[in-house]
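> Mind having a look at this structure? Questions to follow.
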Amino acid sequence: MEREGERGDASIRELLVWCRARLKYAGIEEYQLEGELLLQHVLEIDPARMFAGINDPVEPEAAAELRRSTDRRAGREPLAYITGRKAFYGRELEVTPDVLIPRPETELLVELALCWVSKHPEVPPPIRIADIGTGSGTLAVTLAAELGAASVDAVDLSPAALVVARGNAMRIGVEDRIEFYEGDLAAPLERQRYQMVFANLPYVRSDTLEAAQPEVRREPVMALLGGEDGLDVVRRLAPMLEAVVDPSGCIALFEIDPLTFAGTADLLSEALPTASVRVEKDLAGLERCVVAEID
Ligand code: GLN
């Protein structure tokens with residue numbers, strides 16, 4: 001049977017209808033939006049041009065590529081791995097299957113960090129920032145871009161992730177203010193002191209990961225899995241923290257799963273006895289970040 005996507009003379013509208021239907025049938029909740037995004041990606045057009053030319057015919061090669069991309073998405077490959085892009089804090093970042101896909105919830109950490117900077121004008125620039133487990137470089141790159149005067153050290157255990165992170169630093173034009181280190185947690189940073197420490201570590205509990213959407217299980221397990229109670233990696237980082245934070249004033253921001261907020265808060269209180277520790281909620285009202293501040 002002939003499908004719309006296989007006809008060389010199919011219009012954008014016909015392809016969009018076909019693509020959305022295929023995604024809906026595959027159980028993709030956001031099939032309307034994702035269909036548009038796939039089409040825009042394959043045709044390399046923005047939303048305005050897509051809708052302005054909705055009755056325009058599509059080249060057979062592009063239609064064939066849309067069909068391949070749609071099949072991948074219908075196979076529950078994350079959209080960001082197909083398009084190779086994900087927006088975060090208003091910037092388009094590159095992602096590959098070697099890195100966790102940036103989540104909108106992580107923008108909370110950026111907001112809390114920027115708020116801290118505005119409340120601490122006494123901190124002399126450049127603010128020294130550590131991003132532990134940088135992955136795609138999302139936090140490192142965003143903070144370097146948001147805070148003109150910042151110098152960032154970003155660490156990851158995965159060489160493949162660091163390739164993506166360096167690429168993102170170049171894309172956003174902040175590569176001269178970020179150093180990337182391959183290593184375990186804070187180990188490469190031990191001789192330095194930071195006023196800001198980010199840790200979006202693997203924090204998903206084993207049982208949560210088993211029950212997760214198929215898309216999540218396409219992401220690198222080493223970026224997600226925090227062991228039985230979700231705290232394995234936080235537990236390893238906690239004893240390293242005192243040696244890297246600036247004792248005269250600093251903020252540490254740990255992204256968390258709502259299930260791990262109490263455990264993470266306890267570990268941070270123990271690791272940084274002079275810090276005040278609090279939990280912040282995301283826009284969905286869920287505990288998403290543990291903040292430790294030393295004044
Ligand atoms: N927020 C991600 C998820 O729930 C997990 C990210 C992480 O482990 N740092 O899938």
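By order of appearance in the structure tokens: chains A, B, ..., then residues from 1 within every chain, and ligands from 1 in the order shown.
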Do you know which residues are within 8 Å of ligand 1 using only C-alpha atoms and all ligand atoms? Can you write them as a PyMOL selection string?
chain A and resi 100+103+105-106+200-204+209+212+216+223-226+255-257
> Residues within 10 Å of segment 179-184 of chain A, please, as a list in words. Count only C-alpha atoms; anything in the same chain fewer than 6 positions from it doesn't count.
Ala130, Asp131, Ile132, Gly133, Thr134, Gly137, Ala140, Ser151, Val152, Asp153, Ala154, Val155, Asp156, Leu157, Ser158, Pro159, Ala160, Ala161, Leu162, Val163, Ala165, Arg166, Ala169, Arg236 and Leu237 of chain A
> Enumerate the residues of segment 22-250 of chain A with a DSSP assignment of alpha helix (DSSP H), computed from the backbone, and present them as a VMD selection string.
chain A and resid 22 to 25 31 to 43 47 to 52 60 to 74 79 to 83 107 to 119 138 to 146 159 to 172 206 to 210 232 to 241
> What are the DSSP strand (DSSP E or B) residues of segment 152-279 of chain A, as number ranges by chain?
A: 152-156, 178-182, 194, 196-199, 204, 225, 245, 250-255, 276-279
> Those selected residues, please, written with C-alpha atoms and delivered as a PDB file, in the first residue's frame.

```pdb
ATOM      1  CA  VAL A 152      34.102  27.261  34.402  1.00  0.00           C
ATOM      2  CA  ASP A 153      35.766  23.895  35.013  1.00  0.00           C
ATOM      3  CA  ALA A 154      33.628  21.032  33.756  1.00  0.00           C
ATOM      4  CA  VAL A 155      34.268  17.355  34.488  1.00  0.00           C
ATOM      5  CA  ASP A 156      32.917  14.149  33.054  1.00  0.00           C
ATOM      6  CA  ILE A 178      35.522  26.672  30.049  1.00  0.00           C
ATOM      7  CA  GLU A 179      38.131  24.017  30.804  1.00  0.00           C
ATOM      8  CA  PHE A 180      37.006  20.438  30.322  1.00  0.00           C
ATOM      9  CA  TYR A 181      38.465  17.598  32.371  1.00  0.00           C
ATOM     10  CA  GLU A 182      38.047  13.878  31.934  1.00  0.00           C
ATOM     11  CA  TYR A 194      34.900  27.343  43.528  1.00  0.00           C
ATOM     12  CA  MET A 196      29.603  27.757  42.506  1.00  0.00           C
ATOM     13  CA  VAL A 197      29.375  23.989  42.168  1.00  0.00           C
ATOM     14  CA  PHE A 198      26.823  22.261  39.929  1.00  0.00           C
ATOM     15  CA  ALA A 199      26.098  18.567  40.142  1.00  0.00           C
ATOM     16  CA  VAL A 204      17.517   7.820  39.117  1.00  0.00           C
ATOM     17  CA  LEU A 225      21.441   5.443  37.314  1.00  0.00           C
ATOM     18  CA  VAL A 245      34.145  24.844  47.696  1.00  0.00           C
ATOM     19  CA  CYS A 250      29.752  29.633  47.771  1.00  0.00           C
ATOM     20  CA  ILE A 251      26.682  27.845  46.521  1.00  0.00           C
ATOM     21  CA  ALA A 252      26.378  24.179  45.552  1.00  0.00           C
ATOM     22  CA  LEU A 253      23.385  23.080  43.481  1.00  0.00           C
ATOM     23  CA  PHE A 254      22.489  19.417  43.175  1.00  0.00           C
ATOM     24  CA  GLU A 255      19.719  18.339  40.835  1.00  0.00           C
ATOM     25  CA  SER A 276      22.724  26.083  55.100  1.00  0.00           C
ATOM     26  CA  VAL A 277      20.928  23.459  53.064  1.00  0.00           C
ATOM     27  CA  ARG A 278      17.483  23.790  51.497  1.00  0.00           C
ATOM     28  CA  VAL A 279      15.332  22.070  48.886  1.00  0.00           C
TER      29      VAL A 279
END
```
> Mind giving me the straight-line distance from atom CA of Leu108 of chain A to atom CA of Asp282 of chain A in Å, one decimal?
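So the two atoms, atom CA of Leu108 of chain A and atom CA of Asp282 of chain A, lie 6.3 Å apart.
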> How many Å separate atom CA of Gln40 of chain A from atom CA of Leu79 of chain A?
12.3 Å
> Could you pull the residues within 12 Å of segment 57-69 of chain A, counting only C-alpha atoms, minus those fewer than 2 positions along the same chain, as a PyMOL selection string?
chain A and resi 3-16+18-20+22-23+34-44+50+53-55+71-84
> Could you work out how far atom CA of Leu109 of chain A lies from atom CA of Ala145 of chain A, giving the answer in Å with one decimal?
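These atoms are spaced 14.6 Å apart.
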> Neighbours of Glu92 of chain A within 9 Å (only C-alpha atoms; same-chain residues fewer than 3 positions away dropped), as a ChimeraX atom specification?
/A:85-89,168,171-172
> Could you save the residues just selected, with N, CA, C and O atoms, as a PDB file, in the first residue's frame?

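File produced: selection.pdb:
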```
ATOM      1  N   ARG A  85      19.462  17.990  18.305  1.00  0.00           N
ATOM      2  CA  ARG A  85      19.375  19.316  18.941  1.00  0.00           C
ATOM      3  C   ARG A  85      18.401  19.289  20.107  1.00  0.00           C
ATOM      4  O   ARG A  85      17.403  18.564  20.077  1.00  0.00           O
ATOM      5  N   LYS A  86      18.690  20.133  21.114  1.00  0.00           N
ATOM      6  CA  LYS A  86      17.716  20.335  22.180  1.00  0.00           C
ATOM      7  C   LYS A  86      17.883  21.760  22.704  1.00  0.00           C
ATOM      8  O   LYS A  86      19.009  22.213  22.952  1.00  0.00           O
ATOM      9  N   ALA A  87      16.765  22.444  22.874  1.00  0.00           N
ATOM     10  CA  ALA A  87      16.825  23.820  23.380  1.00  0.00           C
ATOM     11  C   ALA A  87      16.926  23.789  24.894  1.00  0.00           C
ATOM     12  O   ALA A  87      16.269  22.978  25.565  1.00  0.00           O
ATOM     13  N   PHE A  88      17.789  24.649  25.442  1.00  0.00           N
ATOM     14  CA  PHE A  88      17.919  24.776  26.895  1.00  0.00           C
ATOM     15  C   PHE A  88      18.203  26.228  27.219  1.00  0.00           C
ATOM     16  O   PHE A  88      19.145  26.816  26.686  1.00  0.00           O
ATOM     17  N   TYR A  89      17.394  26.786  28.081  1.00  0.00           N
ATOM     18  CA  TYR A  89      17.547  28.178  28.518  1.00  0.00           C
ATOM     19  C   TYR A  89      17.737  29.120  27.311  1.00  0.00           C
ATOM     20  O   TYR A  89      18.597  29.992  27.307  1.00  0.00           O
ATOM     21  N   ASN A 168      29.549  22.047  22.119  1.00  0.00           N
ATOM     22  CA  ASN A 168      28.536  23.015  22.546  1.00  0.00           C
ATOM     23  C   ASN A 168      29.175  24.316  23.011  1.00  0.00           C
ATOM     24  O   ASN A 168      28.643  25.406  22.753  1.00  0.00           O
ATOM     25  N   ARG A 171      29.881  26.124  19.843  1.00  0.00           N
ATOM     26  CA  ARG A 171      28.621  26.609  19.240  1.00  0.00           C
ATOM     27  C   ARG A 171      28.171  27.907  19.869  1.00  0.00           C
ATOM     28  O   ARG A 171      27.711  28.820  19.210  1.00  0.00           O
ATOM     29  N   ILE A 172      28.237  27.931  21.228  1.00  0.00           N
ATOM     30  CA  ILE A 172      27.700  29.082  21.954  1.00  0.00           C
ATOM     31  C   ILE A 172      28.765  30.174  22.086  1.00  0.00           C
ATOM     32  O   ILE A 172      28.464  31.293  22.503  1.00  0.00           O
TER      33      ILE A 172
END
```
> Just checking: using only C-alpha atoms, which residue out of A:Leu112, A:Ser206, A:Glu287, A:Gly249 ends up closest to Pro124 of chain A?
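For Pro124 of chain A, the nearest of the given residues is A:Gly249.
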